[in-house]
Amino acid sequence: DAAPTPFRVEDVAALAETRALCCRGDAVGLLSDAAFAEVARRCVVFARFAPEHKATVVDAFNASGAVTLFCGDGTNDVGALKRAHVGVSILNAPEIERGLGAAAVSADVARLRARLAEAEMDAVDADPALVKLGDASIASPFTSKRATIECVLAVICQGRCTLVSMIQIFKILAVLCLVSAYTLSTLFLAGVKQGDAQMTVAGLLTATLFFLTSRARPL
């Protein structure tokens, strides 16, 4: 029954150390951009946010130097999906969720999530018409057919693996260009020209090297 405490941006950091902060969407319009950026960095839950407020949250995190990933399943998430560094569209199947709704009362949460995911995948494989691409999937580079955010872990892991593989490939390309330039220059000065068989073997070896790099594990 204590009296309400006036809001001060200076107190947000201290409050975040002892409490999990929650921010409502109607508070966004009452704060300046600098104040909301400080609040957004400390908040754990953002509740009842309008589409423009979701985009504001993503912009605040981007301005602070953070790498943002946003999950959305509807048209109201398009703005935030486009502003985030990584956008993941989640496609829900309401028919499947309603069919499993009765089991949600007594089943364990982990088992229910696994069952829901398996039922969704089986139903989508049997009838792809259950899941239709919407505006969210058009605005985001990644789309998940499951109703959970478990796909985020896969996006992060696969993204890192892809990044490491591409960096290795670019390094090989740079070395290959230097070696080719040196080899061709030396042969030209010596008056020697590579034959068709030599060029074919060199191309096959290069293609094999690229294939092995793409199959290798990240360092």
# chains A, B, ... in the order shown; residues from 1 in each chain; ligands from 1
>>> residues_around(residues="region 204-207 of chain A", least_positions_apart="3", cutoff="12 Å", atoms="only C-alpha atoms", output="VMD selection string")
chain A and resid 169 172 to 173 175 to 177 179 to 180 197 to 201 210 to 214
>>> write_last_selection(atoms="N, CA and C atoms", output="PDB file, in the first residue's frame")
ATOM      1  N   ILE A 169      36.251 -20.023 -46.832  1.00  0.00           N
ATOM      2  CA  ILE A 169      36.218 -20.047 -48.298  1.00  0.00           C
ATOM      3  C   ILE A 169      36.834 -18.783 -48.877  1.00  0.00           C
ATOM      4  N   ILE A 172      40.552 -18.995 -48.656  1.00  0.00           N
ATOM      5  CA  ILE A 172      41.088 -19.868 -49.706  1.00  0.00           C
ATOM      6  C   ILE A 172      41.073 -19.154 -51.051  1.00  0.00           C
ATOM      7  N   LEU A 173      40.007 -18.397 -51.320  1.00  0.00           N
ATOM      8  CA  LEU A 173      39.951 -17.646 -52.577  1.00  0.00           C
ATOM      9  C   LEU A 173      41.092 -16.643 -52.678  1.00  0.00           C
ATOM     10  N   VAL A 175      44.050 -16.738 -51.149  1.00  0.00           N
ATOM     11  CA  VAL A 175      45.309 -17.454 -51.355  1.00  0.00           C
ATOM     12  C   VAL A 175      45.385 -18.004 -52.774  1.00  0.00           C
ATOM     13  N   LEU A 176      44.272 -18.528 -53.277  1.00  0.00           N
ATOM     14  CA  LEU A 176      44.251 -19.080 -54.632  1.00  0.00           C
ATOM     15  C   LEU A 176      44.561 -18.004 -55.670  1.00  0.00           C
ATOM     16  N   CYS A 177      44.004 -16.816 -55.484  1.00  0.00           N
ATOM     17  CA  CYS A 177      44.283 -15.719 -56.433  1.00  0.00           C
ATOM     18  C   CYS A 177      45.756 -15.335 -56.418  1.00  0.00           C
ATOM     19  N   VAL A 179      48.315 -17.258 -55.488  1.00  0.00           N
ATOM     20  CA  VAL A 179      49.100 -18.352 -56.068  1.00  0.00           C
ATOM     21  C   VAL A 179      48.949 -18.386 -57.585  1.00  0.00           C
ATOM     22  N   SER A 180      47.731 -18.183 -58.080  1.00  0.00           N
ATOM     23  CA  SER A 180      47.506 -18.200 -59.528  1.00  0.00           C
ATOM     24  C   SER A 180      48.237 -17.048 -60.209  1.00  0.00           C
ATOM     25  N   ALA A 197      45.113 -30.107 -70.019  1.00  0.00           N
ATOM     26  CA  ALA A 197      45.049 -31.113 -68.953  1.00  0.00           C
ATOM     27  C   ALA A 197      45.477 -30.512 -67.616  1.00  0.00           C
ATOM     28  N   GLN A 198      46.525 -29.695 -67.625  1.00  0.00           N
ATOM     29  CA  GLN A 198      46.987 -29.063 -66.394  1.00  0.00           C
ATOM     30  C   GLN A 198      45.923 -28.133 -65.814  1.00  0.00           C
ATOM     31  N   MET A 199      45.279 -27.345 -66.674  1.00  0.00           N
ATOM     32  CA  MET A 199      44.227 -26.438 -66.200  1.00  0.00           C
ATOM     33  C   MET A 199      43.039 -27.216 -65.639  1.00  0.00           C
ATOM     34  N   THR A 200      42.713 -28.355 -66.270  1.00  0.00           N
ATOM     35  CA  THR A 200      41.597 -29.173 -65.790  1.00  0.00           C
ATOM     36  C   THR A 200      41.897 -29.763 -64.416  1.00  0.00           C
ATOM     37  N   VAL A 201      43.112 -30.275 -64.247  1.00  0.00           N
ATOM     38  CA  VAL A 201      43.493 -30.851 -62.952  1.00  0.00           C
ATOM     39  C   VAL A 201      43.499 -29.779 -61.870  1.00  0.00           C
ATOM     40  N   PHE A 210      37.275 -26.640 -52.037  1.00  0.00           N
ATOM     41  CA  PHE A 210      36.080 -25.913 -51.604  1.00  0.00           C
ATOM     42  C   PHE A 210      35.044 -26.858 -51.004  1.00  0.00           C
ATOM     43  N   PHE A 211      34.874 -28.028 -51.603  1.00  0.00           N
ATOM     44  CA  PHE A 211      33.909 -28.995 -51.081  1.00  0.00           C
ATOM     45  C   PHE A 211      34.317 -29.480 -49.696  1.00  0.00           C
ATOM     46  N   LEU A 212      35.586 -29.773 -49.503  1.00  0.00           N
ATOM     47  CA  LEU A 212      36.054 -30.229 -48.193  1.00  0.00           C
ATOM     48  C   LEU A 212      35.912 -29.128 -47.145  1.00  0.00           C
ATOM     49  N   THR A 213      36.108 -27.887 -47.534  1.00  0.00           N
ATOM     50  CA  THR A 213      35.959 -26.784 -46.592  1.00  0.00           C
ATOM     51  C   THR A 213      34.506 -26.645 -46.155  1.00  0.00           C
ATOM     52  N   SER A 214      33.573 -26.804 -47.077  1.00  0.00           N
ATOM     53  CA  SER A 214      32.168 -26.691 -46.735  1.00  0.00           C
ATOM     54  C   SER A 214      31.689 -27.829 -45.839  1.00  0.00           C
TER      55      SER A 214
END
>>> atom_distance(atom1="CA of Gly65 (chain A)", atom2="CA of Gly87 (chain A)")
17.0 Å
>>> select_by_dssp(residues="region 160-195 of chain A", states="helix (DSSP H, G or I)", output="ChimeraX atom specification")
/A:160-189
>>> residues_around(residues="Phe49 (chain A)", least_positions_apart="6", cutoff="8 Å", atoms="only C-alpha atoms", output="list of chain:residue names")
A:Arg24, A:Gly25, A:Asp26
>>> write_last_selection(atoms="C-alpha atoms", output="compact mmCIF listing (two decimals), in the first residue's frame")
# COMPACT_ATOMS: atom_id res chain seq x y z
CA ARG A 24 4.04 -1.91 -21.01
CA GLY A 25 3.43 -0.51 -24.43
CA ASP A 26 1.55 2.55 -23.18
>>> residues_around(residues="Glu52 (chain A)", least_positions_apart="2", cutoff="10 Å", atoms="only C-alpha atoms", output="number ranges by chain")
A: 25, 28, 49-50, 54-57, 76-80
>>> closest_residue(among="A:Arg8, A:Arg115, A:Arg42, A:His53", to="Gly29 (chain A)", atoms="only C-alpha atoms")
A:His53
>>> residues_around(residues="Leu153 (chain A)", least_positions_apart="6", cutoff="12 Å", atoms="only C-alpha atoms", output="VMD selection string")
chain A and resid 69 88 144 159 to 160
>>> write_last_selection(atoms="C-alpha atoms", output="mmCIF file, in the first residue's frame")
data_model
loop_
_atom_site.group_PDB
_atom_site.id
_atom_site.type_symbol
_atom_site.label_atom_id
_atom_site.label_comp_id
_atom_site.auth_asym_id
_atom_site.auth_seq_id
_atom_site.Cartn_x
_atom_site.Cartn_y
_atom_site.Cartn_z
ATOM 1 C CA LEU A 69 16.818 -11.193 -33.219
ATOM 2 C CA VAL A 88 12.361 -15.179 -37.692
ATOM 3 C CA SER A 144 9.860 -21.671 -38.984
ATOM 4 C CA GLY A 159 24.444 -18.969 -38.729
ATOM 5 C CA ARG A 160 27.750 -19.264 -36.904
#
>>> residues_around(residues="region 17-20 of chain A", least_positions_apart="4", cutoff="10 Å", atoms="only C-alpha atoms", output="NGL selection string")
:A and (12-13 or 42-45)
>>> write_last_selection(atoms="C-alpha atoms", output="mmCIF file, in the first residue's frame")
data_model
loop_
_atom_site.group_PDB
_atom_site.id
_atom_site.type_symbol
_atom_site.label_atom_id
_atom_site.label_comp_id
_atom_site.auth_asym_id
_atom_site.auth_seq_id
_atom_site.Cartn_x
_atom_site.Cartn_y
_atom_site.Cartn_z
ATOM 1 C CA VAL A 12 16.369 1.996 -13.573
ATOM 2 C CA ALA A 13 19.850 0.464 -13.352
ATOM 3 C CA ARG A 42 17.198 -3.182 -18.514
ATOM 4 C CA CYS A 43 13.764 -4.700 -19.142
ATOM 5 C CA VAL A 44 13.119 -8.420 -19.208
ATOM 6 C CA VAL A 45 9.476 -8.449 -20.368
#
>>> atom_distance(atom1="CA of Cys161 (chain A)", atom2="CA of Phe142 (chain A)")
16.0 Å
>>> atom_distance(atom1="CA of Thr148 (chain A)", atom2="CA of Ser89 (chain A)")
10.6 Å
